[in-house]
Number of protein chains: 2
Amino acid sequence: MIRVNIELLKYIEQLRVQGKSELIREEIALVGDKIVKEKTKVFSVFIVKNGLAKCYLKEDTGEDFIQEFFGEGEVFGEVECFTNRFSFCTIEALTAVTYYRIAKRDFMKLIQSDITFNNLILSLMATKIRYTALRHSYNQTHDVEHNLARLRESVPDLLGKISKKDIANYLGITVRSLNRTLKSEKST
Amino acid sequence: MIRVNIELLKYIEQLRVQGKSELIREEIALVGDKIVKEKTKVFSVFIVKNGLAKCYLKEDTGEDFIQEFFGEGEVFGEVECFTNRFSFCTIEALTAVTYYRIAKRDFMKLIQSDITFNNLILSLMATKIRYTALRHSYNQTHDVEHNLARLRESVPDLLGKISKKDIANYLGITVRSLNRTLKSEKST
DNA sequence: CGCGTAATTGAAAAGTATCAACACTGGTGG
DNA sequence: CCACCAGTGTTGATACTTTTCAATTACGCG
């Protein structure tokens, strides 16, 4: 599913209006740009303003596993902030992506000083945990046809937006299997 | 893997010593007891003091998907607290489990008033997100043999502690497949 | 001892990956 | 303007893996 978080996006933009725009920079990534790279140090927290990005891990088997597609308001980099570790995933722009960037230091200051912001982040991470648990549970207990149908429901014009390879990587199958499933869907 | 969080457990026990033991109750669950039930309202946050529990979701296919095994210091109920939704999983004791229970209201008060506690929970949730992402990525991109080997590395005496059915449900395979893999492991 | 639950195993069926060949597209340079 | 190329998508045949089903055994406990 393409995850979004409008509430947080609004709050961030409100903070900017209140004169914190020097702390919260707006930047742009072009198609294919990697905003965050796996196994590197992360110095900022990012919030997608608009566009679409994929969050994926590269395994030692050479396969990519797509964790999630990020849309408006989705946040990344915050987990690395709290765990003090290198990034565990790569964030790559699938379309041009406009995003806000907050330096780690400033992000941590906000967390400590702005209780509303603090609560938004708590709630955001809780939602991530819940969502991820439900998705992976569904994925492991249902067959390809169901998983694909579910993804299509939640992403309008899936095939127009996302390459087959990425869809396959998201579902944890090969492109060949994806094509077979798509074909058998039509005939039924 | 059996997840633990000693740091949080210590902090909770310190809070109790400081006279909050009426807020943080110690309770016991027997083998098979369900501490939290899926799709019910959750009124408390729980911290495992000792013992082993499984966290699982029941899917409409009738299958169980085991999210994680919880050991010392692991927390559950906090996600429901922040998202204000029914529980998305069931927590069931695999051994006798001693745990601390904090009423939702008191938990939220602590979050707002105790910045150390607040940060522990932020860090805990970030760790959960990171851990879950890494686990599911590994699981989807590796074969049964690798996944099983990885689980055995992280859980000493796996087969003695956890039933084959639970291991299979954790790995997302059938017991038949688990047995076949175990057998072929020996012969090599 | 007898009961229910868990574990084991073989055989057949179903699902998925692998491999290889070929089509389609947009961009580049001669 | 066309030939070429790289990347993406399509498809069939085959090999491999996992599930399903069913029968049997082992184990713990009243």
# chains A, B, ... in the order shown; residues from 1 in each chain; ligands from 1
$ closest_atom_pairs --of "chain A" --to "chain C" --cutoff "10 Å" --atoms "only C-alpha atoms (C1' of nucleotides)" --output "tab-separated table"
residue	atom	partner	partner_atom	distance
A:Asp143	CA	C:DG15	C1'	9.2
A:Val144	CA	C:DG15	C1'	9.6
A:Ile173	CA	C:DT16	C1'	8.1
A:Thr174	CA	C:DA17	C1'	7.4
A:Arg176	CA	C:DA17	C1'	8.4
A:Ser177	CA	C:DT16	C1'	6.8
$ select_by_dssp --residues "region 6-180 of chain B" --states "helix (DSSP H, G or I)" --output "NGL selection string"
:B and (6-20 or 78-83 or 104-113 or 115-141 or 144-154 or 158-161 or 164-171 or 175-180)
$ atom_distance --atom1 "CA of Glu27 (chain B)" --atom2 "CA of Val97 (chain B)"
8.3 Å
$ interface_residues --of "chain A" --to "chain D" --cutoff "12 Å" --atoms "only C-alpha atoms (C1' of nucleotides)" --output "list in words"
Asp143, Leu159, Ile162, Ser163, Lys164, Lys165, Asp166, Val175, Arg176, Ser177, Leu178, Asn179, Arg180, Leu182 and Lys183 of chain A
$ residues_around --residues "Lys49 (chain A)" --least-positions-apart "3" --cutoff "12 Å" --atoms "only C-alpha atoms (C1' of nucleotides)" --output "ChimeraX atom specification"
/A:4-13,24-29,46,52-53,70-75,96-101
$ write_last_selection --atoms "C-alpha atoms" --output "PDB file, in the first residue's frame"
ATOM      1  CA  VAL A   4       0.435   8.567   3.754  1.00  0.00           C
ATOM      2  CA  ASN A   5       0.160  10.736   6.854  1.00  0.00           C
ATOM      3  CA  ILE A   6      -1.607  13.982   6.137  1.00  0.00           C
ATOM      4  CA  GLU A   7      -1.903  15.003   9.765  1.00  0.00           C
ATOM      5  CA  LEU A   8       1.843  15.087  10.271  1.00  0.00           C
ATOM      6  CA  LEU A   9       2.442  16.843   6.970  1.00  0.00           C
ATOM      7  CA  LYS A  10       0.058  19.616   8.017  1.00  0.00           C
ATOM      8  CA  TYR A  11       1.785  20.010  11.349  1.00  0.00           C
ATOM      9  CA  ILE A  12       5.200  20.240   9.723  1.00  0.00           C
ATOM     10  CA  GLU A  13       3.973  22.877   7.314  1.00  0.00           C
ATOM     11  CA  ILE A  24      12.825  22.441   7.978  1.00  0.00           C
ATOM     12  CA  ARG A  25      14.248  22.596   4.481  1.00  0.00           C
ATOM     13  CA  GLU A  26      12.305  21.743   1.369  1.00  0.00           C
ATOM     14  CA  GLU A  27      14.222  19.679  -1.187  1.00  0.00           C
ATOM     15  CA  ILE A  28      13.563  17.756  -4.363  1.00  0.00           C
ATOM     16  CA  ALA A  29      14.642  14.321  -5.537  1.00  0.00           C
ATOM     17  CA  PHE A  46      12.567  13.260   6.062  1.00  0.00           C
ATOM     18  CA  LEU A  52       6.141   8.551  -4.561  1.00  0.00           C
ATOM     19  CA  ALA A  53       9.148   6.691  -3.194  1.00  0.00           C
ATOM     20  CA  PHE A  70       5.823   6.144   0.652  1.00  0.00           C
ATOM     21  CA  GLY A  71       3.429   8.916  -0.332  1.00  0.00           C
ATOM     22  CA  GLU A  72       2.450  12.249   1.189  1.00  0.00           C
ATOM     23  CA  GLY A  73       3.385  12.866   4.781  1.00  0.00           C
ATOM     24  CA  GLU A  74       5.243   9.618   5.230  1.00  0.00           C
ATOM     25  CA  VAL A  75       8.329   9.875   7.408  1.00  0.00           C
ATOM     26  CA  ALA A  96       9.967  13.333  -8.592  1.00  0.00           C
ATOM     27  CA  VAL A  97       9.651  13.714  -4.830  1.00  0.00           C
ATOM     28  CA  THR A  98       9.429  16.934  -2.845  1.00  0.00           C
ATOM     29  CA  TYR A  99      10.263  16.432   0.793  1.00  0.00           C
ATOM     30  CA  TYR A 100      11.079  18.273   3.978  1.00  0.00           C
ATOM     31  CA  ARG A 101      14.334  17.569   5.726  1.00  0.00           C
TER      32      ARG A 101
END
$ closest_atom_pairs --of "chain B" --to "chain A" --cutoff "10 Å" --atoms "only C-alpha atoms" --output "JSON lines"
{"residue": "B:Tyr56", "atom": "CA", "partner": "A:Ser137", "partner_atom": "CA", "distance": 8.8}
{"residue": "B:Leu57", "atom": "CA", "partner": "A:Ser137", "partner_atom": "CA", "distance": 7.0}
{"residue": "B:Lys58", "atom": "CA", "partner": "A:Ser137", "partner_atom": "CA", "distance": 8.6}
{"residue": "B:Glu59", "atom": "CA", "partner": "A:Thr141", "partner_atom": "CA", "distance": 7.0}
{"residue": "B:Asp60", "atom": "CA", "partner": "A:Thr141", "partner_atom": "CA", "distance": 8.9}
{"residue": "B:Thr61", "atom": "CA", "partner": "A:Thr141", "partner_atom": "CA", "distance": 7.1}
{"residue": "B:Gly62", "atom": "CA", "partner": "A:Thr141", "partner_atom": "CA", "distance": 8.9}
{"residue": "B:Glu63", "atom": "CA", "partner": "A:Thr141", "partner_atom": "CA", "distance": 6.6}
{"residue": "B:Asp64", "atom": "CA", "partner": "A:Thr141", "partner_atom": "CA", "distance": 8.0}
{"residue": "B:Phe65", "atom": "CA", "partner": "A:Ser137", "partner_atom": "CA", "distance": 5.7}
{"residue": "B:Ile66", "atom": "CA", "partner": "A:Ser137", "partner_atom": "CA", "distance": 8.0}
{"residue": "B:Gln67", "atom": "CA", "partner": "A:Ala133", "partner_atom": "CA", "distance": 7.0}
{"residue": "B:Glu68", "atom": "CA", "partner": "A:Ala133", "partner_atom": "CA", "distance": 10.0}
{"residue": "B:Glu78", "atom": "CA", "partner": "A:Ala126", "partner_atom": "CA", "distance": 7.8}
{"residue": "B:Val79", "atom": "CA", "partner": "A:Ala126", "partner_atom": "CA", "distance": 4.8}
{"residue": "B:Glu80", "atom": "CA", "partner": "A:Ala126", "partner_atom": "CA", "distance": 7.7}
{"residue": "B:Cys81", "atom": "CA", "partner": "A:Ala126", "partner_atom": "CA", "distance": 8.6}
{"residue": "B:Phe82", "atom": "CA", "partner": "A:Ser123", "partner_atom": "CA", "distance": 5.1}
{"residue": "B:Thr83", "atom": "CA", "partner": "A:Ser123", "partner_atom": "CA", "distance": 6.1}
{"residue": "B:Asn84", "atom": "CA", "partner": "A:Ser123", "partner_atom": "CA", "distance": 9.3}
{"residue": "B:Arg85", "atom": "CA", "partner": "A:Arg130", "partner_atom": "CA", "distance": 9.9}
{"residue": "B:Ser87", "atom": "CA", "partner": "A:Arg130", "partner_atom": "CA", "distance": 9.3}
{"residue": "B:Phe88", "atom": "CA", "partner": "A:Arg130", "partner_atom": "CA", "distance": 7.2}
{"residue": "B:Cys89", "atom": "CA", "partner": "A:Ala133", "partner_atom": "CA", "distance": 8.9}
{"residue": "B:Ile111", "atom": "CA", "partner": "A:Asn119", "partner_atom": "CA", "distance": 9.1}
{"residue": "B:Gln112", "atom": "CA", "partner": "A:Ile115", "partner_atom": "CA", "distance": 7.6}
{"residue": "B:Ile115", "atom": "CA", "partner": "A:Gln112", "partner_atom": "CA", "distance": 7.6}
{"residue": "B:Asn118", "atom": "CA", "partner": "A:Asn118", "partner_atom": "CA", "distance": 8.9}
{"residue": "B:Asn119", "atom": "CA", "partner": "A:Phe82", "partner_atom": "CA", "distance": 8.4}
{"residue": "B:Leu120", "atom": "CA", "partner": "A:Phe82", "partner_atom": "CA", "distance": 9.3}
{"residue": "B:Ile121", "atom": "CA", "partner": "A:Leu122", "partner_atom": "CA", "distance": 8.4}
{"residue": "B:Leu122", "atom": "CA", "partner": "A:Leu122", "partner_atom": "CA", "distance": 6.5}
{"residue": "B:Ser123", "atom": "CA", "partner": "A:Phe82", "partner_atom": "CA", "distance": 5.1}
{"residue": "B:Leu124", "atom": "CA", "partner": "A:Thr83", "partner_atom": "CA", "distance": 8.5}
{"residue": "B:Met125", "atom": "CA", "partner": "A:Met125", "partner_atom": "CA", "distance": 6.5}
{"residue": "B:Ala126", "atom": "CA", "partner": "A:Val79", "partner_atom": "CA", "distance": 4.8}
{"residue": "B:Thr127", "atom": "CA", "partner": "A:Thr83", "partner_atom": "CA", "distance": 6.4}
{"residue": "B:Lys128", "atom": "CA", "partner": "A:Ile129", "partner_atom": "CA", "distance": 7.2}
{"residue": "B:Ile129", "atom": "CA", "partner": "A:Ile129", "partner_atom": "CA", "distance": 5.9}
{"residue": "B:Arg130", "atom": "CA", "partner": "A:Val79", "partner_atom": "CA", "distance": 7.0}
{"residue": "B:Tyr131", "atom": "CA", "partner": "A:Phe88", "partner_atom": "CA", "distance": 9.5}
{"residue": "B:Thr132", "atom": "CA", "partner": "A:Thr132", "partner_atom": "CA", "distance": 8.0}
{"residue": "B:Ala133", "atom": "CA", "partner": "A:Gln67", "partner_atom": "CA", "distance": 7.0}
{"residue": "B:Leu134", "atom": "CA", "partner": "A:Phe88", "partner_atom": "CA", "distance": 7.5}
{"residue": "B:His136", "atom": "CA", "partner": "A:His136", "partner_atom": "CA", "distance": 7.3}
{"residue": "B:Ser137", "atom": "CA", "partner": "A:Phe65", "partner_atom": "CA", "distance": 5.7}
{"residue": "B:Tyr138", "atom": "CA", "partner": "A:Glu59", "partner_atom": "CA", "distance": 7.1}
{"residue": "B:Asn139", "atom": "CA", "partner": "A:Gly172", "partner_atom": "CA", "distance": 9.6}
{"residue": "B:Gln140", "atom": "CA", "partner": "A:Gly172", "partner_atom": "CA", "distance": 5.9}
{"residue": "B:Thr141", "atom": "CA", "partner": "A:Glu63", "partner_atom": "CA", "distance": 6.6}
{"residue": "B:His142", "atom": "CA", "partner": "A:Thr61", "partner_atom": "CA", "distance": 7.5}
{"residue": "B:Asn169", "atom": "CA", "partner": "A:Thr141", "partner_atom": "CA", "distance": 9.4}
{"residue": "B:Tyr170", "atom": "CA", "partner": "A:Gln140", "partner_atom": "CA", "distance": 9.8}
{"residue": "B:Leu171", "atom": "CA", "partner": "A:Gln140", "partner_atom": "CA", "distance": 8.9}
{"residue": "B:Gly172", "atom": "CA", "partner": "A:Gln140", "partner_atom": "CA", "distance": 5.8}
{"residue": "B:Ile173", "atom": "CA", "partner": "A:Gln140", "partner_atom": "CA", "distance": 8.6}
